[in-house]
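Data from upload.pdb: PDB, C-alpha atoms, pLDDT in the B column
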ATOM      1  CA  MET A   1     154.615 -48.364  -0.016  1.00 88.00           C
ATOM      2  CA  ILE A   2     154.042 -52.014   0.845  1.00 95.00           C
ATOM      3  CA  ILE A   3     151.905 -52.492   3.943  1.00 98.00           C
ATOM      4  CA  HIS A   4     152.715 -55.696   5.793  1.00 98.00           C
ATOM      5  CA  ASN A   5     150.607 -57.294   8.525  1.00 98.00           C
ATOM      6  CA  VAL A   6     151.800 -57.720  12.113  1.00 98.00           C
ATOM      7  CA  ASN A   7     150.822 -61.374  11.803  1.00 98.00           C
ATOM      8  CA  ASP A   8     153.491 -61.815   9.120  1.00 97.00           C
ATOM      9  CA  GLU A   9     156.995 -63.064   9.846  1.00 97.00           C
ATOM     10  CA  SER A  10     158.369 -59.710   8.656  1.00 98.00           C
ATOM     11  CA  PHE A  11     157.085 -58.146  11.894  1.00 98.00           C
ATOM     12  CA  HIS A  12     159.266 -60.360  14.102  1.00 98.00           C
ATOM     13  CA  PRO A  13     162.307 -57.989  14.223  1.00 98.00           C
ATOM     14  CA  TYR A  14     160.023 -55.181  15.445  1.00 98.00           C
ATOM     15  CA  GLY A  15     157.699 -56.904  17.902  1.00 98.00           C
ATOM     16  CA  ARG A  16     155.230 -59.702  18.486  1.00 97.00           C
ATOM     17  CA  VAL A  17     151.492 -60.301  18.535  1.00 97.00           C
ATOM     18  CA  ILE A  18     150.174 -60.942  22.059  1.00 94.00           C
ATOM     19  CA  SER A  19     147.621 -63.706  22.409  1.00 91.00           C
ATOM     20  CA  GLY A  20     145.821 -65.357  25.312  1.00 88.00           C
ATOM     21  CA  ILE A  21     145.104 -62.133  27.242  1.00 87.00           C
ATOM     22  CA  ASP A  22     141.518 -60.927  27.598  1.00 90.00           C
ATOM     23  CA  VAL A  23     141.594 -57.198  26.781  1.00 92.00           C
ATOM     24  CA  SER A  24     137.820 -56.730  26.556  1.00 93.00           C
ATOM     25  CA  GLY A  25     137.654 -54.529  29.662  1.00 93.00           C
ATOM     26  CA  ILE A  26     140.267 -52.116  28.365  1.00 95.00           C
ATOM     27  CA  MET A  27     138.609 -51.985  24.961  1.00 95.00           C
ATOM     28  CA  THR A  28     135.191 -51.264  26.448  1.00 96.00           C
ATOM     29  CA  ALA A  29     136.649 -48.369  28.451  1.00 96.00           C
ATOM     30  CA  LEU A  30     138.520 -47.121  25.376  1.00 97.00           C
ATOM     31  CA  LYS A  31     135.252 -46.571  23.511  1.00 96.00           C
ATOM     32  CA  ASP A  32     134.459 -43.658  25.846  1.00 95.00           C
ATOM     33  CA  THR A  33     137.722 -41.798  25.168  1.00 97.00           C
ATOM     34  CA  GLU A  34     137.985 -38.720  22.957  1.00 97.00           C
ATOM     35  CA  CYS A  35     138.755 -39.421  19.300  1.00 98.00           C
ATOM     36  CA  PRO A  36     139.341 -36.380  17.034  1.00 97.00           C
ATOM     37  CA  ASN A  37     138.766 -36.732  13.289  1.00 96.00           C
ATOM     38  CA  ASP A  38     141.427 -34.212  12.177  1.00 95.00           C
ATOM     39  CA  HIS A  39     144.415 -34.684  14.533  1.00 97.00           C
ATOM     40  CA  THR A  40     145.775 -37.059  17.165  1.00 98.00           C
ATOM     41  CA  ILE A  41     145.762 -36.850  20.945  1.00 98.00           C
ATOM     42  CA  TYR A  42     147.868 -38.787  23.430  1.00 98.00           C
ATOM     43  CA  VAL A  43     146.984 -39.438  27.066  1.00 98.00           C
ATOM     44  CA  ALA A  44     149.733 -41.271  28.935  1.00 97.00           C
ATOM     45  CA  SER A  45     147.606 -42.576  31.801  1.00 96.00           C
ATOM     46  CA  ASP A  46     143.832 -43.009  32.030  1.00 96.00           C
ATOM     47  CA  PRO A  47     142.484 -44.491  35.301  1.00 96.00           C
ATOM     48  CA  LYS A  48     139.395 -45.773  33.473  1.00 95.00           C
ATOM     49  CA  LEU A  49     141.607 -48.041  31.374  1.00 96.00           C
ATOM     50  CA  GLU A  50     143.929 -48.962  34.225  1.00 94.00           C
ATOM     51  CA  ASP A  51     141.131 -49.827  36.662  1.00 93.00           C
ATOM     52  CA  THR A  52     139.849 -52.798  34.672  1.00 93.00           C
ATOM     53  CA  ASP A  53     140.400 -56.506  35.193  1.00 90.00           C
ATOM     54  CA  SER A  54     142.146 -56.751  31.836  1.00 87.00           C
ATOM     55  CA  GLY A  55     144.295 -53.706  32.642  1.00 88.00           C
ATOM     56  CA  ARG A  56     145.483 -55.289  35.867  1.00 89.00           C
ATOM     57  CA  ARG A  57     146.026 -58.602  34.101  1.00 86.00           C
ATOM     58  CA  MET A  58     148.073 -56.846  31.435  1.00 84.00           C
ATOM     59  CA  GLN A  59     150.401 -55.493  34.123  1.00 83.00           C
ATOM     60  CA  GLN A  60     150.692 -58.832  35.936  1.00 83.00           C
ATOM     61  CA  VAL A  61     151.322 -61.085  32.958  1.00 77.00           C
ATOM     62  CA  VAL A  62     152.608 -59.077  29.995  1.00 80.00           C
ATOM     63  CA  ASP A  63     154.699 -56.573  31.958  1.00 77.00           C
ATOM     64  CA  GLY A  64     155.824 -58.975  34.678  1.00 86.00           C
ATOM     65  CA  GLU A  65     154.348 -56.859  37.512  1.00 86.00           C
ATOM     66  CA  LEU A  66     156.322 -53.793  36.427  1.00 85.00           C
ATOM     67  CA  PRO A  67     154.388 -50.631  37.382  1.00 90.00           C
ATOM     68  CA  VAL A  68     152.770 -49.425  34.170  1.00 92.00           C
ATOM     69  CA  GLN A  69     150.543 -46.679  32.836  1.00 95.00           C
ATOM     70  CA  ILE A  70     147.728 -47.437  30.418  1.00 95.00           C
ATOM     71  CA  GLY A  71     146.697 -44.605  28.131  1.00 96.00           C
ATOM     72  CA  TYR A  72     145.804 -44.071  24.506  1.00 98.00           C
ATOM     73  CA  CYS A  73     146.631 -42.413  21.209  1.00 98.00           C
ATOM     74  CA  ASN A  74     143.461 -41.571  19.277  1.00 98.00           C
ATOM     75  CA  GLY A  75     142.528 -39.602  16.212  1.00 98.00           C
ATOM     76  CA  TYR A  76     143.479 -39.159  12.584  1.00 98.00           C
ATOM     77  CA  ASN A  77     146.939 -39.147  11.017  1.00 98.00           C
ATOM     78  CA  VAL A  78     148.526 -39.958   7.650  1.00 98.00           C
ATOM     79  CA  TYR A  79     152.151 -38.776   8.112  1.00 98.00           C
ATOM     80  CA  LEU A  80     155.291 -40.260   9.661  1.00 98.00           C
ATOM     81  CA  ASN A  81     156.379 -36.878  11.157  1.00 98.00           C
ATOM     82  CA  ALA A  82     158.827 -38.389  13.672  1.00 98.00           C
ATOM     83  CA  LEU A  83     160.222 -41.575  15.142  1.00 98.00           C
ATOM     84  CA  GLU A  84     160.782 -42.265  18.824  1.00 98.00           C
ATOM     85  CA  TYR A  85     162.102 -45.060  21.011  1.00 98.00           C
ATOM     86  CA  HIS A  86     162.109 -46.016  24.683  1.00 97.00           C
ATOM     87  CA  ARG A  87     164.346 -48.110  26.918  1.00 96.00           C
ATOM     88  CA  SER A  88     161.397 -50.475  27.233  1.00 95.00           C
ATOM     89  CA  SER A  89     158.809 -52.279  25.151  1.00 95.00           C
ATOM     90  CA  GLU A  90     155.457 -50.650  24.392  1.00 96.00           C
ATOM     91  CA  ILE A  91     152.141 -52.498  24.228  1.00 95.00           C
ATOM     92  CA  ASN A  92     149.567 -51.339  21.663  1.00 97.00           C
ATOM     93  CA  ILE A  93     146.002 -52.577  21.312  1.00 97.00           C
ATOM     94  CA  ALA A  94     144.077 -51.449  18.235  1.00 98.00           C
ATOM     95  CA  GLU A  95     140.349 -50.842  18.557  1.00 97.00           C
ATOM     96  CA  ASN A  96     140.047 -50.567  14.779  1.00 96.00           C
ATOM     97  CA  ASP A  97     142.454 -51.126  11.891  1.00 98.00           C
ATOM     98  CA  LEU A  98     145.505 -48.868  12.008  1.00 98.00           C
ATOM     99  CA  ILE A  99     148.963 -48.693  10.437  1.00 98.00           C
ATOM    100  CA  LEU A 100     152.274 -48.357  12.260  1.00 98.00           C
ATOM    101  CA  LEU A 101     155.369 -46.969  10.523  1.00 98.00           C
ATOM    102  CA  LEU A 102     158.375 -48.695  12.074  1.00 98.00           C
ATOM    103  CA  GLY A 103     162.153 -48.612  11.912  1.00 98.00           C
ATOM    104  CA  LYS A 104     165.139 -50.043  13.767  1.00 98.00           C
ATOM    105  CA  GLN A 105     167.206 -48.164  16.314  1.00 98.00           C
ATOM    106  CA  GLN A 106     170.274 -49.941  14.942  1.00 98.00           C
ATOM    107  CA  ASP A 107     169.880 -47.955  11.694  1.00 98.00           C
ATOM    108  CA  ILE A 108     170.295 -44.584  13.396  1.00 98.00           C
ATOM    109  CA  SER A 109     173.618 -43.058  12.307  1.00 98.00           C
ATOM    110  CA  ASP A 110     176.360 -42.060  14.726  1.00 97.00           C
ATOM    111  CA  ASP A 111     175.223 -38.435  14.443  1.00 96.00           C
ATOM    112  CA  PHE A 112     171.600 -39.447  15.187  1.00 97.00           C
ATOM    113  CA  HIS A 113     170.128 -39.165  11.714  1.00 98.00           C
ATOM    114  CA  TYR A 114     167.827 -41.752  10.168  1.00 98.00           C
ATOM    115  CA  ASP A 115     166.946 -42.417   6.522  1.00 98.00           C
ATOM    116  CA  THR A 116     163.158 -42.714   6.181  1.00 98.00           C
ATOM    117  CA  SER A 117     163.544 -45.045   3.189  1.00 98.00           C
ATOM    118  CA  LYS A 118     164.255 -47.767   5.766  1.00 98.00           C
ATOM    119  CA  VAL A 119     160.789 -47.412   7.353  1.00 98.00           C
ATOM    120  CA  GLU A 120     158.341 -50.304   6.972  1.00 98.00           C
ATOM    121  CA  ALA A 121     154.552 -50.115   7.326  1.00 98.00           C
ATOM    122  CA  PHE A 122     152.479 -52.663   9.253  1.00 98.00           C
ATOM    123  CA  LEU A 123     148.733 -53.086   9.520  1.00 98.00           C
ATOM    124  CA  VAL A 124     147.499 -53.776  13.046  1.00 98.00           C
ATOM    125  CA  PRO A 125     144.052 -55.358  12.584  1.00 98.00           C
ATOM    126  CA  ALA A 126     141.186 -54.317  14.847  1.00 97.00           C
ATOM    127  CA  GLY A 127     141.302 -56.044  18.236  1.00 95.00           C
ATOM    128  CA  THR A 128     144.970 -57.014  17.950  1.00 97.00           C
ATOM    129  CA  ALA A 129     147.395 -56.518  20.844  1.00 95.00           C
ATOM    130  CA  ILE A 130     151.099 -56.231  20.055  1.00 96.00           C
ATOM    131  CA  GLU A 131     154.384 -55.680  21.841  1.00 96.00           C
ATOM    132  CA  VAL A 132     156.664 -53.153  20.129  1.00 98.00           C
ATOM    133  CA  TYR A 133     160.240 -53.863  21.179  1.00 98.00           C
ATOM    134  CA  ALA A 134     162.413 -51.217  22.830  1.00 97.00           C
ATOM    135  CA  THR A 135     164.729 -51.044  19.797  1.00 97.00           C
ATOM    136  CA  THR A 136     161.829 -50.364  17.426  1.00 98.00           C
ATOM    137  CA  LEU A 137     161.376 -46.808  16.168  1.00 98.00           C
ATOM    138  CA  HIS A 138     157.705 -45.796  16.084  1.00 98.00           C
ATOM    139  CA  TYR A 139     155.374 -42.826  16.469  1.00 98.00           C
ATOM    140  CA  ALA A 140     151.660 -42.083  16.199  1.00 98.00           C
ATOM    141  CA  PRO A 141     149.613 -44.635  14.217  1.00 98.00           C
ATOM    142  CA  CYS A 142     148.265 -43.816  10.767  1.00 98.00           C
ATOM    143  CA  SER A 143     144.624 -44.069   9.729  1.00 98.00           C
ATOM    144  CA  VAL A 144     143.249 -46.730   7.422  1.00 97.00           C
ATOM    145  CA  ASN A 145     140.943 -45.475   4.627  1.00 95.00           C
ATOM    146  CA  GLY A 146     140.720 -42.074   6.300  1.00 94.00           C
ATOM    147  CA  ALA A 147     139.031 -43.391   9.447  1.00 96.00           C
ATOM    148  CA  PRO A 148     139.963 -42.133  12.922  1.00 97.00           C
ATOM    149  CA  PHE A 149     141.556 -44.748  15.175  1.00 98.00           C
ATOM    150  CA  ARG A 150     141.716 -45.587  18.863  1.00 98.00           C
ATOM    151  CA  CYS A 151     144.863 -47.292  20.190  1.00 98.00           C
ATOM    152  CA  VAL A 152     145.697 -48.343  23.746  1.00 97.00           C
ATOM    153  CA  VAL A 153     149.284 -47.547  24.786  1.00 97.00           C
ATOM    154  CA  VAL A 154     150.883 -49.387  27.720  1.00 96.00           C
ATOM    155  CA  LEU A 155     154.301 -48.225  28.955  1.00 95.00           C
ATOM    156  CA  PRO A 156     156.325 -48.252  32.192  1.00 94.00           C
ATOM    157  CA  LYS A 157     154.909 -45.767  34.671  1.00 94.00           C
ATOM    158  CA  GLY A 158     156.225 -42.234  34.156  1.00 95.00           C
ATOM    159  CA  THR A 159     157.099 -42.644  30.472  1.00 96.00           C
ATOM    160  CA  ASN A 160     156.334 -39.615  28.276  1.00 96.00           C
ATOM    161  CA  THR A 161     155.936 -37.338  31.290  1.00 95.00           C
ATOM    162  CA  GLU A 162     157.719 -33.996  31.678  1.00 94.00           C
ATOM    163  CA  LEU A 163     161.477 -33.966  32.171  1.00 94.00           C
ATOM    164  CA  LYS A 164     162.808 -32.596  35.447  1.00 93.00           C
ATOM    165  CA  ALA A 165     166.343 -31.704  34.318  1.00 91.00           C
ATOM    166  CA  ALA A 166     167.953 -29.880  31.406  1.00 88.00           C
ATOM    167  CA  HIS A 167     169.139 -32.066  28.521  1.00 88.00           C
ATOM    168  CA  GLY A 168     171.206 -31.660  25.360  1.00 80.00           C
ATOM    169  CA  PRO A 169     172.464 -30.200  23.166  1.00 87.00           C
ATOM    170  CA  SER A 170     174.882 -32.966  22.205  1.00 88.00           C
ATOM    171  CA  GLY A 171     174.872 -36.722  21.807  1.00 94.00           C
ATOM    172  CA  GLU A 172     171.792 -38.846  22.360  1.00 96.00           C
ATOM    173  CA  ASP A 173     170.731 -36.476  25.125  1.00 95.00           C
ATOM    174  CA  LYS A 174     169.536 -33.963  22.532  1.00 96.00           C
ATOM    175  CA  LEU A 175     166.875 -36.477  21.447  1.00 97.00           C
ATOM    176  CA  LEU A 176     165.299 -36.748  24.907  1.00 96.00           C
ATOM    177  CA  THR A 177     161.978 -34.888  24.805  1.00 96.00           C
ATOM    178  CA  ALA A 178     160.182 -36.555  27.748  1.00 96.00           C
ATOM    179  CA  VAL A 179     160.877 -39.189  30.385  1.00 96.00           C
ATOM    180  CA  ASN A 180     162.010 -42.398  28.622  1.00 96.00           C
ATOM    181  CA  LYS A 181     161.336 -40.838  25.206  1.00 97.00           C
ATOM    182  CA  TRP A 182     164.032 -40.198  22.601  1.00 97.00           C
ATOM    183  CA  LEU A 183     162.635 -38.575  19.449  1.00 98.00           C
ATOM    184  CA  ILE A 184     163.955 -37.804  15.965  1.00 98.00           C
ATOM    185  CA  ALA A 185     161.666 -35.498  13.966  1.00 98.00           C
ATOM    186  CA  HIS A 186     161.205 -34.637  10.313  1.00 98.00           C
ATOM    187  CA  GLU A 187     161.637 -30.948   9.576  1.00 98.00           C
ATOM    188  CA  ASP A 188     158.307 -30.865   7.708  1.00 97.00           C
ATOM    189  CA  ALA A 189     156.485 -31.764  10.932  1.00 97.00           C
ATOM    190  CA  LYS A 190     157.745 -28.601  12.675  1.00 96.00           C
ATOM    191  CA  ILE A 191     157.797 -30.200  16.121  1.00 96.00           C
ATOM    192  CA  GLU A 192     158.970 -27.443  18.465  1.00 93.00           C
ATOM    193  CA  GLY A 193     162.212 -28.215  20.273  1.00 89.00           C
ATOM    194  CA  ALA A 194     162.749 -31.564  18.505  1.00 95.00           C
ATOM    195  CA  PHE A 195     165.938 -32.629  16.750  1.00 96.00           C
ATOM    196  CA  ASN A 196     165.249 -32.818  12.999  1.00 97.00           C
ATOM    197  CA  GLY A 197     167.238 -35.893  12.123  1.00 98.00           C
ATOM    198  CA  LEU A 198     164.921 -37.742   9.738  1.00 98.00           C
ATOM    199  CA  ILE A 199     166.412 -37.650   6.253  1.00 98.00           C
ATOM    200  CA  GLY A 200     164.260 -38.242   3.172  1.00 98.00           C
ATOM    201  CA  GLU A 201     160.519 -38.240   2.630  1.00 97.00           C
ATOM    202  CA  ASN A 202     158.068 -37.484   5.410  1.00 98.00           C
ATOM    203  CA  ILE A 203     156.152 -40.642   4.526  1.00 98.00           C
ATOM    204  CA  ARG A 204     152.431 -40.310   3.904  1.00 97.00           C
ATOM    205  CA  VAL A 205     150.021 -43.230   4.169  1.00 96.00           C
ATOM    206  CA  ASP A 206     146.633 -42.810   2.460  1.00 85.00           C
TER     207      ASP A 206
END
I'd like the structure from this file rewritten - as structure tokens, please.
Amino acid sequence: MIIHNVNDESFHPYGRVISGIDVSGIMTALKDTECPNDHTIYVASDPKLEDTDSGRRMQQVVDGELPVQIGYCNGYNVYLNALEYHRSSEINIAENDLILLLGKQQDISDDFHYDTSKVEAFLVPAGTAIEVYATTLHYAPCSVNGAPFRCVVVLPKGTNTELKAAHGPSGEDKLLTAVNKWLIAHEDAKIEGAFNGLIGENIRVD
């Protein structure tokens, strides 16, 4: 598939590149986080990332003083597997080159299925910070040339934490798998408890 760049105009419907914010403190702390070479891990909140000058600045300026959590998604991945969305934007900062597979919430059908042929791929160059809009479908990054990646993830505090109430099995509620996280999975990914609403190829990026 064609791999666009987040610096291209084609990225504008999905998000924006963030400039003018010094993220060096966060990136230095990120280097000490675990990074598997055969799977991905996600940590929603890491105090070592949050307790940096650039982490605090990120909250003040980019998130408008909204309480946030700063964590990471690290490791190796080549498959789409699922798409999720939040009621809020997500900030990603790439330590090294990585690829995001993105879609639009507006393309989800009334019965909560999504055709994976609509997905577009975007390269996030090393050191780039981006905002992924709330209406953008996304999931774990994909590796570039087989290399593991490290990616900072900034979200409103409490996002992706465990739900406290029962949800489903009808309507959008059946997609809710964590706080502020609605997820549509591909059946090939075999994500336990997820709604398998992705139709078409489980896209692979090599």
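For the pair atom CA of A:Leu49 and atom CA of A:Pro13, the separation is 28.7 Å.
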Check your understanding: Neighbours of A:Cys142 within 6 Å (all atoms listed in the file; same-chain residues fewer than 6 positions away dropped), as an MDAnalysis selection string?
Key -> chainID A and resid 77:78 98:99
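With all atoms listed in the file as the atoms that count, the residue of A:Asp38, A:Glu192, A:Glu201, A:Asp173 with the shortest distance to A:Tyr76 is A:Asp38.
Take the candidates A:Thr136, A:Ala94, A:Pro67, A:Leu101 and check each one against A:Val124 using all atoms listed in the file; the shortest distance goes to A:Ala94.
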Exercise for review: Expand the PyMOL selection byres ((chain A and resi 179) around 8) into the individual residues it matches in the shown file, reporting them as a PyMOL selection string.
Suggested key: chain A and resi 158-163+176-178+180-181
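Considering the residues A:Ser117, A:Thr33, A:Asn202, A:Ser24 and counting all atoms listed in the file, A:Gly55 has its shortest atom-to-atom contact with A:Ser24.
Closest approach to A:Lys48 among A:Ala134, A:Ile199, A:Ile108, A:Val152: A:Val152, based on all atoms listed in the file.
For the residues A:Glu187, A:Asp110, A:Asp53, A:Glu90, ranking by smallest atom-to-atom distance to A:Glu131 using all atoms listed in the file places A:Glu90 first.
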Counting only C-alpha atoms, which residues of stretch 94-193 of chain A sit at most 7 Å from some atom of stretch 70-74 of chain A, and what is each one's closest atom pair with its distance in Å to one decimal, listed by chain and rising residue number, as a Markdown table?
| residue | atom | partner | partner_atom | distance |
| --- | --- | --- | --- | --- |
| A:Phe149 | CA | A:Asn74 | CA | 5.5 |
| A:Arg150 | CA | A:Asn74 | CA | 4.4 |
| A:Cys151 | CA | A:Cys73 | CA | 5.3 |
| A:Val152 | CA | A:Tyr72 | CA | 4.3 |
| A:Val153 | CA | A:Tyr72 | CA | 4.9 |
| A:Val154 | CA | A:Ile70 | CA | 4.6 |
| A:Leu155 | CA | A:Ile70 | CA | 6.8 |
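Proximity of A:Leu83, A:Val144, A:Leu123, A:Val43 to A:Ile3, computed with only C-alpha atoms, is greatest for A:Leu123.
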**Study point:** Exercise: A:Asp22 partners within 9 Å, all atoms listed in the file, chain neighbours under 4 positions left out, as number ranges by chain
**Key:** A: 26, 53-54, 57-58
Practice item. Tell me which residues the PyMOL selection byres ((chain A and resi 200) around 12) grabs here, as a VMD selection string. Key: chain A and resid 80 to 82 113 to 119 185 to 188 196 to 199 201 to 203
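Between atom CA of A:Thr40 and atom CA of A:Ala189 there is a distance of 13.5 Å.
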Exercise for review: Skip A:Trp182 itself and residues of its chain fewer than 2 positions away, then list as a PyMOL selection string all residues within 6 Å of it, counting only C-alpha atoms.
Suggested key: chain A and resi 84-85+175-176
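Interatomic distance, atom CA of A:Leu100 against atom CA of A:Phe122: 5.3 Å.
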Practice item. Excluding A:Phe11 and residues on its chain fewer than 6 positions from it, collect all residues at most 10 Å away from it, counting only C-alpha atoms, and give them as a list in words. Key: His4, Asn5, Val17, Leu102, Glu120, Ala121, Phe122 and Val132 of chain A
